[in-house]
$ cat run26.pdb   # PDB, C-alpha atoms
ATOM      1  CA  LEU T   1      -6.052 -63.306 -16.556  1.00  0.00           C
ATOM      2  CA  SER T   2      -4.360 -65.751 -14.256  1.00  0.00           C
ATOM      3  CA  MET T   3      -3.284 -65.851 -10.652  1.00  0.00           C
ATOM      4  CA  SER T   4       0.132 -64.396 -10.027  1.00  0.00           C
ATOM      5  CA  GLN T   5       2.666 -66.931  -8.845  1.00  0.00           C
ATOM      6  CA  GLY T   6       4.532 -64.478  -6.637  1.00  0.00           C
ATOM      7  CA  LYS T   7       3.677 -63.787  -3.029  1.00  0.00           C
ATOM      8  CA  THR T   8       2.466 -60.275  -2.367  1.00  0.00           C
ATOM      9  CA  ALA T   9       2.402 -58.949   1.159  1.00  0.00           C
ATOM     10  CA  LEU T  10       1.853 -55.617   2.813  1.00  0.00           C
ATOM     11  CA  SER T  11       4.804 -54.134   4.584  1.00  0.00           C
ATOM     12  CA  LYS T  12       4.748 -53.796   8.342  1.00  0.00           C
ATOM     13  CA  ARG T  13       4.622 -50.019   7.985  1.00  0.00           C
ATOM     14  CA  ALA T  14       1.536 -50.172   5.746  1.00  0.00           C
ATOM     15  CA  VAL T  15      -0.297 -52.457   8.168  1.00  0.00           C
ATOM     16  CA  CYS T  16       0.545 -50.182  11.111  1.00  0.00           C
ATOM     17  CA  SER T  17      -0.590 -47.124   9.133  1.00  0.00           C
ATOM     18  CA  ILE T  18      -3.920 -48.725   8.235  1.00  0.00           C
ATOM     19  CA  ALA T  19      -4.478 -49.800  11.844  1.00  0.00           C
ATOM     20  CA  LEU T  20      -3.610 -46.328  13.143  1.00  0.00           C
ATOM     21  CA  PHE T  21      -5.934 -44.554  10.691  1.00  0.00           C
ATOM     22  CA  SER T  22      -8.731 -46.981  11.545  1.00  0.00           C
ATOM     23  CA  LEU T  23      -8.278 -46.367  15.265  1.00  0.00           C
ATOM     24  CA  VAL T  24      -8.234 -42.596  14.787  1.00  0.00           C
ATOM     25  CA  GLY T  25     -11.394 -42.813  12.677  1.00  0.00           C
ATOM     26  CA  ILE T  26     -13.206 -44.891  15.282  1.00  0.00           C
ATOM     27  CA  LEU T  27     -12.189 -42.540  18.080  1.00  0.00           C
ATOM     28  CA  ALA T  28     -13.185 -39.479  16.054  1.00  0.00           C
ATOM     29  CA  TYR T  29     -16.578 -41.006  15.317  1.00  0.00           C
ATOM     30  CA  SER T  30     -17.136 -41.689  19.008  1.00  0.00           C
ATOM     31  CA  PHE T  31     -16.849 -37.962  19.791  1.00  0.00           C
ATOM     32  CA  VAL T  32     -19.381 -36.809  17.184  1.00  0.00           C
ATOM     33  CA  THR T  33     -22.863 -36.046  18.472  1.00  0.00           C
ATOM     34  CA  HIS T  34     -25.900 -35.265  16.390  1.00  0.00           C
ATOM     35  CA  GLY T  35     -27.818 -32.604  18.255  1.00  0.00           C
ATOM     36  CA  ILE T  36     -30.568 -30.162  17.410  1.00  0.00           C
ATOM     37  CA  ASN T  37     -28.051 -27.770  15.848  1.00  0.00           C
ATOM     38  CA  GLY T  38     -26.493 -30.440  13.646  1.00  0.00           C
ATOM     39  CA  ILE T  39     -23.210 -32.261  14.106  1.00  0.00           C
ATOM     40  CA  GLN T  40     -21.214 -31.160  17.144  1.00  0.00           C
ATOM     41  CA  TRP T  41     -17.988 -32.299  18.775  1.00  0.00           C
ATOM     42  CA  SER T  42     -18.261 -33.180  22.454  1.00  0.00           C
ATOM     43  CA  VAL T  43     -17.107 -35.749  24.947  1.00  0.00           C
ATOM     44  CA  PRO T  44     -19.882 -38.303  25.396  1.00  0.00           C
ATOM     45  CA  GLY T  45     -21.287 -38.963  28.834  1.00  0.00           C
ATOM     46  CA  GLU T  46     -21.332 -42.340  30.539  1.00  0.00           C
ATOM     47  CA  PHE T  47     -24.782 -43.173  29.177  1.00  0.00           C
ATOM     48  CA  GLN T  48     -23.687 -42.451  25.608  1.00  0.00           C
ATOM     49  CA  TRP T  49     -20.575 -44.616  26.043  1.00  0.00           C
ATOM     50  CA  GLN T  50     -22.782 -47.479  27.162  1.00  0.00           C
ATOM     51  CA  LEU T  51     -24.809 -47.123  23.969  1.00  0.00           C
ATOM     52  CA  ARG T  52     -21.990 -46.501  21.485  1.00  0.00           C
ATOM     53  CA  TRP T  53     -19.243 -48.916  22.509  1.00  0.00           C
ATOM     54  CA  PRO T  54     -21.236 -52.106  21.907  1.00  0.00           C
ATOM     55  CA  ARG T  55     -22.380 -50.808  18.520  1.00  0.00           C
ATOM     56  CA  MET T  56     -18.890 -49.721  17.500  1.00  0.00           C
ATOM     57  CA  LEU T  57     -17.333 -53.008  18.586  1.00  0.00           C
ATOM     58  CA  THR T  58     -20.064 -54.970  16.821  1.00  0.00           C
ATOM     59  CA  ALA T  59     -19.587 -52.984  13.604  1.00  0.00           C
ATOM     60  CA  LEU T  60     -15.822 -53.425  13.794  1.00  0.00           C
ATOM     61  CA  SER T  61     -16.039 -57.170  14.414  1.00  0.00           C
ATOM     62  CA  VAL T  62     -18.606 -57.654  11.624  1.00  0.00           C
ATOM     63  CA  GLY T  63     -16.384 -55.719   9.212  1.00  0.00           C
ATOM     64  CA  ILE T  64     -13.377 -57.825  10.130  1.00  0.00           C
ATOM     65  CA  ALA T  65     -15.398 -61.039   9.791  1.00  0.00           C
ATOM     66  CA  LEU T  66     -16.716 -60.023   6.360  1.00  0.00           C
ATOM     67  CA  SER T  67     -13.242 -59.150   5.108  1.00  0.00           C
ATOM     68  CA  VAL T  68     -11.816 -62.455   6.339  1.00  0.00           C
ATOM     69  CA  ALA T  69     -14.729 -64.348   4.769  1.00  0.00           C
ATOM     70  CA  GLY T  70     -14.123 -62.561   1.461  1.00  0.00           C
ATOM     71  CA  ILE T  71     -10.433 -63.379   1.529  1.00  0.00           C
ATOM     72  CA  ILE T  72     -11.123 -67.036   2.307  1.00  0.00           C
ATOM     73  CA  LEU T  73     -13.742 -67.254  -0.455  1.00  0.00           C
ATOM     74  CA  GLN T  74     -11.401 -65.729  -3.038  1.00  0.00           C
ATOM     75  CA  ARG T  75      -8.570 -68.064  -2.016  1.00  0.00           C
ATOM     76  CA  ILE T  76     -10.823 -71.139  -2.240  1.00  0.00           C
ATOM     77  CA  VAL T  77     -12.302 -70.417  -5.682  1.00  0.00           C
ATOM     78  CA  TYR T  78      -9.168 -68.766  -7.162  1.00  0.00           C
ATOM     79  CA  ASN T  79     -11.196 -66.056  -8.862  1.00  0.00           C
ATOM     80  CA  PRO T  80      -8.890 -64.469 -11.467  1.00  0.00           C
ATOM     81  CA  LEU T  81     -11.052 -61.345 -11.653  1.00  0.00           C
ATOM     82  CA  ALA T  82     -10.308 -60.559  -8.008  1.00  0.00           C
ATOM     83  CA  SER T  83      -6.536 -60.631  -8.413  1.00  0.00           C
ATOM     84  CA  PRO T  84      -4.731 -57.274  -8.432  1.00  0.00           C
TER      85      PRO T  84
END
$ encode --input "run26.pdb" --output "structure tokens"
Amino acid sequence: LSMSQGKTALSKRAVCSIALFSLVGILAYSFVTHGINGIQWSVPGEFQWQLRWPRMLTALSVGIALSVAGIILQRIVYNPLASP
């Protein structure tokens, strides 16, 4: 169990695919409303956009920050259990 000496990197196509799927997921979530009859698809009104956008952007930025913090932590301590 040791760190690999080679450099592994995602291809440009993989990064674009992940970004595209994430964007589609965020947009799909923004059009889901939870009404009396359960989950429904509708275009949110202006008031709903004002409530959802800050929450979605906050959740996205917190997720990005946590992933970057995890990567930095693993690179600093060279944890062999976290290597692929």
$ atom_distance --input "run26.pdb" --atom1 "atom CA of Ile71 of chain T" --atom2 "atom CA of Ala28 of chain T"
28.1 Å
$ atom_distance --input "run26.pdb" --atom1 "atom CA of Ile72 of chain T" --atom2 "atom CA of Ser11 of chain T"
20.6 Å
$ closest_residue --input "run26.pdb" --among "T:Ser17, T:Gly45, T:Ile64, T:Thr58" --to "Phe31 of chain T" --atoms "all atoms listed in the file"
T:Gly45
$ atom_distance --input "run26.pdb" --atom1 "atom CA of Ile26 of chain T" --atom2 "atom CA of Met56 of chain T"
7.8 Å
$ residues_near_point --input "run26.pdb" --point "(-15.0, -49.7, 20.6)" --cutoff "12 Å" --atoms "only C-alpha atoms" --output "ChimeraX atom specification"
/T:22-31,49-61
$ axis_aligned_box --input "run26.pdb" --around "segment 64-67 of chain T" --padding-each-side "6 Å" --output "AutoDock Vina command-line options"
--center_x -15.0 --center_y -59.4 --center_z 7.6 --size_x 15.5 --size_y 15.2 --size_z 17.0
